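Down below is the structure, laid out as structure tokens.
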Amino acid sequence: MKKLSKPAVNKVTTLKEAVNRFVHDGSYVSFGGIGDRTPTAAVHEVARQQKKGLRLASDTSVSYVHDSILIGLGLVESFEIAYNWGGIWGPDAVYRRALEKGIPKPIKLEEYSNFAMGMRLLAGSLGIPFMPVKSLLGSDIPVHNTRIKFMNDPYGGEPVALVPAANPEVAFIHVQRCDVMGNAHILGHLGNDDSLARAARNVVITTEEIVPTDEIRRNPNLTVIPYYCVDAVVKVPFASHGRGCPYYYSMDVPFGLQLAEQWGTEAGFNRWAEEWIFKVDDWDGYCRKIGWERLTRLAEVERRHQQYGEAR
Amino acid sequence: MKKLSKPAVNKVTTLKEAVNRFVHDGSYVSFGGIGDRTPTAAVHEVARQQKKGLRLASDTSVSYVHDSILIGLGLVESFEIAYNWGGIWGPDAVYRRALEKGIPKPIKLEEYSNFAMGMRLLAGSLGIPFMPVKSLLGSDIPVHNTRIKFMNDPYGGEPVALVPAANPEVAFIHVQRCDVMGNAHILGHLGNDDSLARAARNVVITTEEIVPTDEIRRNPNLTVIPYYCVDAVVKVPFASHGRGCPYYYSMDVPFGLQLAEQWGTEAGFNRWAEEWIFKVDDWDGYCRKIGWERLTRLAEVERRHQQYGEAR
Amino acid sequence: MSTIIYAQNYSLMELMAAAIAREFRDQETAFVGVGPPLIAAMVAKLTDAPNLTIAVEGGTIGSSPRRLLTCIADTTICERAYSCGTMWRNFGDQQRGFYDVGVIGGAQIDKYGNVNATALGDYNRPSVRVAGSGGANDIGSSVGRYSVMMRQEKRRFVERVDYLTVPGYLDGGDARIKAGLPGGGPHGVITTMGIFRFDEESGEMYLDKCHPGITPEKVKENVGWDLKMAPSIGTTEPPTQEQVEIMRVLDPYGLYLGSGREGMGDVEKGFDFYMEVLDKSYDAMTELFRQKGL
Amino acid sequence: MSTIIYAQNYSLMELMAAAIAREFRDQETAFVGVGPPLIAAMVAKLTDAPNLTIAVEGGTIGSSPRRLLTCIADTTICERAYSCGTMWRNFGDQQRGFYDVGVIGGAQIDKYGNVNATALGDYNRPSVRVAGSGGANDIGSSVGRYSVMMRQEKRRFVERVDYLTVPGYLDGGDARIKAGLPGGGPHGVITTMGIFRFDEESGEMYLDKCHPGITPEKVKENVGWDLKMAPSIGTTEPPTQEQVEIMRVLDPYGLYLGSGREGMGDVEKGFDFYMEVLDKSYDAMTELFRQKGL
């Protein structure tokens, strides 16, 4: 049995090093978050290092800041997914081109519902091979995804669908604060990141702040991810830019609307990627390009209206 | 489909009323907590109202403050359980008499492991009929509990055990603070109370404090039980006396040691029950009998050494 | 009882949002998705259903945000919530039966209320690929009852959906129960032209109400099967003055209910404009919540 | 390297606790149950394994309590923890493989390390009924490796346990793997007389070490099958001075490792005594943790 628990040591590193160490061509990768706390800096670094043939698993993938970047660059082989869309930013032209026209290359799709993906990660986190659900029954989702199976509940006889555990090789999760070992507090809604951190073989945490372990111990009920799941800790402020990070900064809606326009054509997407991913060295370069004043204003507007521990 | 969600109204009542309303002869009942936060006041009230033929489900039942009280009074028909013991207080003579000699009456036992009981409640909370586990395999637990079934995982072919969902009719859960609707914060370890609150048909919360809803909203990440699970809210300070309640009061070790002595014989147990349950009107009467000075000292010693939001 | 004052000027989206808002009742729990459904649920909460609890997929329960809602899972949703937890728990609570009502959207719907939110045409090479199930399949499978918000077009109202993402009444009759689905099934369809309900026995959709100015014949032209009709077709209740006012506080620049997105995307001025909107929306919504005692 | 100073005076329970403490290694995660195993894990953490992380069944990970430990799930366990969450998550983390080492107790053990923690005699009418599995079956099924703490008596060391609560190597050989159990199985048995290990091939228990003053023959007399022996039987390493000092800070009145419970149960003076112990233990443990830089 290979030891899964990670040591209680200082794991602080750079995103460049973490991606280089844990992501390889063909890796099975999942990016966490749910609408906000998207690990966008990590997506950009994986793109920048041109890791190929990736097998991605997401629950809800938010266009413009998430898996679609890698799909648009032709780095993705397969995609296990419940939902991929831009929300207020509009439909995702990159995803549509890939699925409707195979541009830049076809991807193999394995679709679930949100709950089914959540249950796959929960099963993965618990070390069990599958989970029964009452979703998916009667729909066409299992028609096109034969990994969804059916059985009759051996207790009451009613039909249930089974979904297989998901155990990604690498997960990237963005949090508000963690210590150098990786004990991570998440504030606000958690998505499935509690399960993802446990289901994945290797976990890279990007964090807005690195705090002393005593700060973690002060509020042990806020710790969603214990250090023993975590391989690397990277301090990346504004790592979710575009989307928000509760209590830290708001969404940048205008930014996403501009992206949506640029992604409208294949050439536009490629120009965008060249300019925002390949021509900057790292997320710090991205932040300088966006402008620290803009980022600061997004932080200020969030904190002016909402602070954790307050109810106005 | 019968509506399961409970309304967002003031649900504050007395324990007498809550037990009378939700527990009936033959009810399928579960008392939450794990080592601490035991809903002991509720156990006493169920005993006081002499509800008979109860079917109990627990994960870890702590002797002297939990299910054994009802077993000793002959009110229990069956018991789904992973562990029943007194810890530092020593073995549970009531439980032993019931199982070894059928005194005061035999009970039907359905045994699991801690994790299996946790998974039963998780399944119950998720509305699925069963859960696969890797525990129980190869052991004698399923030999004597035929509700544990086996199958080969349809994905990898490996053997798994299946355990049925547990959906108690009534659950009693003790928390540190909740609002009048039942939105409940739990501080410290949670046991399986997140699942139990959702798995049960009716939920009675006893709470150390009732706080304004704004206090709940200030720390939404501490809310373990949302109001829509909850039927009744009862303010019962020191409801776990004997055991502790994190950040509120410590265990009363000497008290339990004295209980263990009294429970050593059937007559001793009966005298104890007469004195501490039937001859007091309610938990307030119990507290007066224990003595508020003693209770206050248990609270002081806890707060002197540990306060939530601090790490000394 | 106070007299209902209807709005004199309102857009079609506002009419639809008002109709959706009326699908929620007080003291219910609602599981709602991104965009107009959330606006509608908030409108309900701020009018007839003050004790409506909104749960969203990110993991939040009972939020009362005082800021412009930009996403179902954006940071705003955490504000003043009863609970912020996991996504899978909220969906699990739904499967267990804690959520009374839901609203979804879709690209296609058929006569038994089955919804396609995945792909038009051949699944493997779709003519139009959309977002996929997300939570829609789960809502359709497990919520107490749900309503669907649709654009009324013949190619969207089809005899049988190209891909059945969300189970309605499947093949009708008791097919849904036989399939083992715990939820109650679709309750209404609110479109750009009218409101549809479902026959309790057969599960088949029928036209119940037409929006002002729309005839049943016009609706029939935009439905791809031989549409059944209610014995008497009513007219959709217009939005009240209060509903419209609230919508315009919640979405002051029509991000969801209008064309507000264009101005905000402007490279030069969009960001300043957006910052201003966030601050202004906070003041306006705070005042609104104060008035409503929420 | 510092010289090891062994304790001159120690009890049998202290010897056993020291032996259990040596079953933990630095940088491991440990899942431990109530009583002496927890004391032993704390001793390990305060000596050779400062980065040992202790997880307990209540839902807490990485606690560093500075007060007398009265229960695996009492309020003390929350103190200065990395995380307080659910019970099922901690057990789930174990099943997933995150916990390297565990310790359990039992009423009976057999030659393949299977443990009975449920009932002696007939299950349906036991001569002695004990607590039941609790987490023991789960630890035995899933933890990386585990050790068992036992009283050495012939009726407790039996050819085959009356009731198999915790899977050791089952019938030996690869039976454990065939059963589908993910954990590595038992690693050692620490008794009142010696330390046992398991043959890697057959999974059969053999005597490895005897406690000071105990002969292999004496052990054999207290084992109910034809016990195998290591090629050369060593002597159990005594507790170090430091280990014993730490035990006496952690459990100053022998609640677990001695007979301290009696005095505390006194009706007249027990409570005052207990209050005093709690305060004193806080001061002493705080000082100990400070010295160890924890």
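Every chain in the structure tokens takes a letter, A first, then B, and so on in the order presented; its residues are numbered from 1, and the ligands are numbered from 1 following the presented order.
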
Could you list, with a cut-off of 9 Å and counting only C-alpha atoms, the residues of chain D near chain A, each shown with its nearest atom pair and the distance in Å rounded to one decimal, rows sorted by chain and ascending number, as a Markdown table?
```
| residue | atom | partner | partner_atom | distance |
| --- | --- | --- | --- | --- |
| D:Gln27 | CA | A:Pro7 | CA | 5.4 |
| D:Glu28 | CA | A:Pro7 | CA | 7.2 |
| D:Thr29 | CA | A:Ser5 | CA | 7.1 |
| D:Asn51 | CA | A:Ala8 | CA | 6.3 |
| D:Leu52 | CA | A:Ala8 | CA | 8.2 |
| D:Thr53 | CA | A:Ala8 | CA | 8.1 |
| D:Thr60 | CA | A:Pro220 | CA | 8.6 |
| D:Ile61 | CA | A:Pro226 | CA | 7.7 |
| D:Gly62 | CA | A:Pro226 | CA | 8.9 |
| D:Ser63 | CA | A:Arg217 | CA | 8.7 |
| D:Cys78 | CA | A:Pro220 | CA | 7.9 |
| D:Glu79 | CA | A:Arg217 | CA | 8.0 |
| D:Arg80 | CA | A:Arg217 | CA | 4.9 |
| D:Ala81 | CA | A:Arg217 | CA | 5.4 |
| D:Tyr82 | CA | A:Arg217 | CA | 5.2 |
| D:Ser83 | CA | A:Pro220 | CA | 4.2 |
| D:Cys84 | CA | A:Asn221 | CA | 4.9 |
| D:Gly85 | CA | A:Asn221 | CA | 6.2 |
| D:Arg89 | CA | A:Leu126 | CA | 7.8 |
| D:Phe91 | CA | A:Leu126 | CA | 8.2 |
| D:Gly92 | CA | A:Leu126 | CA | 4.5 |
| D:Asp93 | CA | A:Leu126 | CA | 6.2 |
| D:Gln94 | CA | A:Leu126 | CA | 8.1 |
| D:Gln95 | CA | A:Gly127 | CA | 5.4 |
| D:Arg96 | CA | A:Gly127 | CA | 4.0 |
| D:Gly97 | CA | A:Leu4 | CA | 6.0 |
| D:Phe98 | CA | A:Ser5 | CA | 4.7 |
| D:Tyr99 | CA | A:Ser5 | CA | 6.7 |
| D:Asp100 | CA | A:Lys3 | CA | 7.2 |
| D:Gly144 | CA | A:Met1 | CA | 7.4 |
| D:Pro182 | CA | A:Met1 | CA | 8.2 |
| D:Gly183 | CA | A:Met1 | CA | 7.7 |
| D:Gly184 | CA | A:Met1 | CA | 7.0 |
```

Next item on the list: List every residue of range 8-220 of chain C that DSSP, applied to the backbone of this structure, assigns to strand (DSSP E), and report them as an NGL selection string.
Entry: :C and (29-32 or 53-55 or 60-61 or 83-84 or 101-105 or 108-110 or 115-116 or 119-120 or 128-129 or 145-150 or 157-158 or 186-191 or 194-198 or 205-210)

Next item on the list: Find the residues near Val233 in chain B: any atom within 6 Å, counting only C-alpha atoms, skip ones fewer than 2 places away on the same chain, and give them as an NGL selection string.
Entry: :B and (11-12 or 205-206)

Next item on the list: List every residue of range 66-220 of chain D that DSSP, applied to the backbone of this structure, assigns to helix (DSSP H, G or I), and report them as a ChimeraX atom specification.
Entry: /D:75-78,87-96,136-142,175-178,216-220

Next item on the list: Excluding Gly242 in chain B and residues on its chain fewer than 2 positions from it, collect all residues at most 9 Å away from it, counting only C-alpha atoms, and give them as a list in words.
Entry: Asp36, Thr38, Thr40, Tyr64, Val65, Phe238, Ser240, Gly244, Ser250, Met251, Asp252, Val253, Pro254, Phe255 and Gly256 of chain B

Check: From the set A:Arg147, A:Lys51, A:Arg37, A:Arg288, which residue has the shortest atom-to-atom contact distance to chain B, counting only C-alpha atoms?
Finding: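 Checking each candidate against chain B, we get A:Arg147 as the closest.
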
Tell me which protein, DNA and RNA residues are within 9 Å of range 31-46 of chain D, counting only C-alpha atoms, leaving out same-chain ones fewer than 5 positions away, and put them as a compact mmCIF listing (two decimals) with N, CA, C and O atoms, in the first residue's frame.
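Everything below was put into out.txt:
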```txt
# COMPACT_ATOMS: atom_id res chain seq x y z
N GLY B 87 -16.39 4.34 28.58
CA GLY B 87 -15.11 5.02 28.51
C GLY B 87 -14.44 5.03 29.87
O GLY B 87 -14.35 4.01 30.56
N ILE B 88 -14.01 6.20 30.27
CA ILE B 88 -13.29 6.36 31.52
C ILE B 88 -14.13 5.94 32.73
O ILE B 88 -13.61 5.66 33.81
N MET D 13 1.75 -0.94 33.13
CA MET D 13 0.98 -0.13 32.16
C MET D 13 1.88 0.89 31.49
O MET D 13 1.74 1.20 30.32
N MET D 16 3.91 -0.88 28.87
CA MET D 16 3.08 -1.16 27.69
C MET D 16 2.82 0.13 26.89
O MET D 16 2.90 0.14 25.66
N ALA D 17 2.54 1.20 27.60
CA ALA D 17 2.27 2.46 26.90
C ALA D 17 3.51 2.93 26.14
O ALA D 17 3.42 3.44 25.02
N ALA D 18 4.69 2.72 26.76
CA ALA D 18 5.93 3.10 26.09
C ALA D 18 6.13 2.26 24.83
O ALA D 18 6.56 2.76 23.78
N ALA D 19 5.82 0.96 24.94
CA ALA D 19 5.95 0.08 23.77
C ALA D 19 4.99 0.50 22.66
O ALA D 19 5.36 0.54 21.48
N ILE D 20 3.77 0.84 23.04
CA ILE D 20 2.80 1.32 22.05
C ILE D 20 3.30 2.62 21.42
O ILE D 20 3.23 2.81 20.21
N ALA D 21 3.85 3.50 22.27
CA ALA D 21 4.35 4.78 21.74
C ALA D 21 5.38 4.55 20.64
O ALA D 21 5.45 5.29 19.66
N ARG D 22 6.17 3.50 20.79
CA ARG D 22 7.21 3.21 19.78
C ARG D 22 6.65 2.63 18.49
O ARG D 22 7.37 2.45 17.52
N GLU D 23 5.39 2.32 18.48
CA GLU D 23 4.75 1.84 17.24
C GLU D 23 4.46 3.00 16.27
O GLU D 23 4.18 2.79 15.10
N PHE D 24 4.49 4.23 16.77
CA PHE D 24 4.25 5.41 15.92
C PHE D 24 5.58 5.97 15.44
O PHE D 24 6.56 5.96 16.17
N ARG D 25 5.58 6.50 14.21
CA ARG D 25 6.80 7.12 13.68
C ARG D 25 6.52 8.58 13.35
O ARG D 25 5.38 8.97 13.13
N ASP D 26 7.58 9.35 13.33
CA ASP D 26 7.42 10.76 13.01
C ASP D 26 6.83 10.92 11.60
O ASP D 26 7.06 10.09 10.73
N ASN D 51 6.03 15.33 14.80
CA ASN D 51 5.11 15.63 13.70
C ASN D 51 4.10 14.52 13.47
O ASN D 51 3.53 14.38 12.40
N LEU D 52 3.88 13.71 14.49
CA LEU D 52 2.81 12.72 14.44
C LEU D 52 1.49 13.48 14.53
O LEU D 52 1.33 14.36 15.38
N THR D 53 0.57 13.15 13.64
CA THR D 53 -0.75 13.78 13.72
C THR D 53 -1.75 12.76 14.22
O THR D 53 -1.83 11.65 13.71
N ILE D 54 -2.51 13.19 15.23
CA ILE D 54 -3.49 12.28 15.83
C ILE D 54 -4.88 12.66 15.34
O ILE D 54 -5.30 13.81 15.47
N ALA D 55 -5.56 11.70 14.75
CA ALA D 55 -6.96 11.90 14.38
C ALA D 55 -7.81 11.00 15.26
O ALA D 55 -7.39 9.88 15.59
N VAL D 56 -8.95 11.48 15.68
CA VAL D 56 -9.82 10.68 16.55
C VAL D 56 -11.22 10.60 15.97
O VAL D 56 -11.61 11.40 15.11
N GLU D 57 -11.99 9.66 16.49
CA GLU D 57 -13.25 9.33 15.84
C GLU D 57 -14.30 10.43 15.88
O GLU D 57 -15.17 10.51 15.03
N SER D 64 -3.91 19.20 19.91
CA SER D 64 -2.78 19.27 20.84
C SER D 64 -3.31 19.72 22.18
O SER D 64 -3.03 20.83 22.63
N LEU D 69 -6.85 14.34 29.38
CA LEU D 69 -7.69 13.70 28.38
C LEU D 69 -8.66 12.76 29.08
O LEU D 69 -8.25 11.77 29.66
N THR D 70 -9.92 13.05 28.99
CA THR D 70 -10.88 12.18 29.69
C THR D 70 -11.63 11.26 28.75
O THR D 70 -12.27 10.32 29.17
N CYS D 71 -11.58 11.56 27.45
CA CYS D 71 -12.33 10.74 26.50
C CYS D 71 -11.83 11.08 25.11
O CYS D 71 -11.40 12.20 24.85
N ILE D 72 -11.91 10.12 24.22
CA ILE D 72 -11.45 10.35 22.86
C ILE D 72 -12.26 11.45 22.18
O ILE D 72 -11.83 12.07 21.23
N ALA D 73 -13.46 11.66 22.66
CA ALA D 73 -14.31 12.65 22.00
C ALA D 73 -14.78 13.70 23.00
O ALA D 73 -15.81 14.31 22.83
N ASN D 90 -13.62 11.52 9.12
CA ASN D 90 -12.38 10.95 9.62
C ASN D 90 -12.30 9.47 9.29
O ASN D 90 -11.26 8.98 8.85
N PHE D 91 -13.40 8.77 9.48
CA PHE D 91 -13.39 7.35 9.10
C PHE D 91 -13.25 7.20 7.59
O PHE D 91 -12.60 6.27 7.11
N GLN D 94 -9.77 7.53 6.62
CA GLN D 94 -9.06 6.29 6.91
C GLN D 94 -9.29 5.26 5.81
O GLN D 94 -8.35 4.63 5.33
N TYR D 99 -4.64 7.36 6.79
CA TYR D 99 -4.09 7.11 8.11
C TYR D 99 -3.10 5.95 8.08
O TYR D 99 -3.41 4.85 7.62
N ASP D 100 -1.91 6.25 8.58
CA ASP D 100 -0.81 5.31 8.47
C ASP D 100 -0.84 4.23 9.55
O ASP D 100 -0.42 3.12 9.31
N VAL D 101 -1.30 4.62 10.73
CA VAL D 101 -1.13 3.70 11.85
C VAL D 101 -2.30 3.85 12.84
O VAL D 101 -2.84 4.94 13.02
N GLY D 102 -2.70 2.74 13.43
CA GLY D 102 -3.77 2.76 14.42
C GLY D 102 -3.45 1.85 15.58
O GLY D 102 -2.53 1.03 15.51
N VAL D 103 -4.18 2.01 16.65
CA VAL D 103 -4.04 1.13 17.81
C VAL D 103 -5.43 0.78 18.30
O VAL D 103 -6.30 1.66 18.39
N ILE D 104 -5.66 -0.48 18.61
CA ILE D 104 -6.95 -0.89 19.15
C ILE D 104 -6.74 -1.79 20.37
O ILE D 104 -5.62 -2.23 20.63
N GLY D 105 -7.79 -2.01 21.09
CA GLY D 105 -7.76 -2.98 22.17
C GLY D 105 -8.72 -4.11 21.83
O GLY D 105 -9.36 -4.09 20.78
N GLY D 135 -14.94 1.87 16.40
CA GLY D 135 -14.11 2.09 15.21
C GLY D 135 -13.11 0.98 14.98
O GLY D 135 -12.36 1.03 13.99
N ALA D 136 -13.07 -0.02 15.85
CA ALA D 136 -12.01 -1.02 15.76
C ALA D 136 -12.06 -1.80 14.44
O ALA D 136 -11.04 -1.99 13.77
N ILE D 139 -10.70 0.52 11.73
CA ILE D 139 -9.24 0.66 11.80
C ILE D 139 -8.61 -0.61 11.24
O ILE D 139 -7.75 -0.56 10.37
N VAL D 143 -6.74 0.94 8.05
CA VAL D 143 -5.56 1.75 8.38
C VAL D 143 -4.31 1.09 7.79
O VAL D 143 -4.28 -0.12 7.54
N MET D 149 -3.47 -3.79 21.74
CA MET D 149 -3.06 -3.78 23.14
C MET D 149 -3.94 -4.81 23.85
O MET D 149 -5.17 -4.73 23.78
N GLN D 243 9.82 9.34 28.73
CA GLN D 243 8.48 8.78 28.44
C GLN D 243 7.64 8.72 29.71
O GLN D 243 6.48 9.11 29.72
N VAL D 244 8.23 8.22 30.76
CA VAL D 244 7.48 8.07 32.01
C VAL D 244 7.10 9.43 32.57
O VAL D 244 5.97 9.64 33.02
N ILE D 246 6.55 12.11 30.95
CA ILE D 246 5.46 12.66 30.13
C ILE D 246 4.14 11.97 30.46
O ILE D 246 3.11 12.62 30.60
N MET D 247 4.19 10.64 30.61
CA MET D 247 2.95 9.94 30.97
C MET D 247 2.36 10.49 32.25
O MET D 247 1.15 10.60 32.39
N LEU D 250 0.68 13.71 31.53
CA LEU D 250 -0.56 13.52 30.76
C LEU D 250 -1.66 12.89 31.61
O LEU D 250 -2.84 13.18 31.44
N ASP D 251 -1.26 11.99 32.49
CA ASP D 251 -2.24 11.25 33.28
C ASP D 251 -1.76 11.23 34.73
O ASP D 251 -1.39 10.18 35.27
N LEU D 255 -5.52 7.97 35.81
CA LEU D 255 -6.88 7.68 35.39
C LEU D 255 -6.90 6.52 34.41
O LEU D 255 -7.77 5.66 34.44
N TYR D 256 -5.91 6.52 33.52
CA TYR D 256 -5.84 5.44 32.53
C TYR D 256 -4.76 4.43 32.86
O TYR D 256 -4.93 3.25 32.67
N LEU D 257 -3.63 4.94 33.34
CA LEU D 257 -2.48 4.06 33.52
C LEU D 257 -2.33 3.59 34.97
O LEU D 257 -1.38 2.93 35.31
N LEU D 288 4.84 21.59 29.41
CA LEU D 288 5.42 20.50 28.62
C LEU D 288 5.41 20.84 27.13
O LEU D 288 6.42 20.67 26.43
N PHE D 289 4.27 21.32 26.64
CA PHE D 289 4.17 21.66 25.23
C PHE D 289 5.13 22.80 24.89
O PHE D 289 5.69 22.84 23.79
N LYS D 292 8.55 21.50 24.44
CA LYS D 292 8.70 20.71 23.21
C LYS D 292 8.48 21.56 21.97
O LYS D 292 8.53 21.05 20.83
N LEU D 294 5.73 22.76 20.88
CA LEU D 294 4.52 22.37 20.14
C LEU D 294 3.37 23.34 20.42
O LEU D 294 3.31 23.97 21.46
```
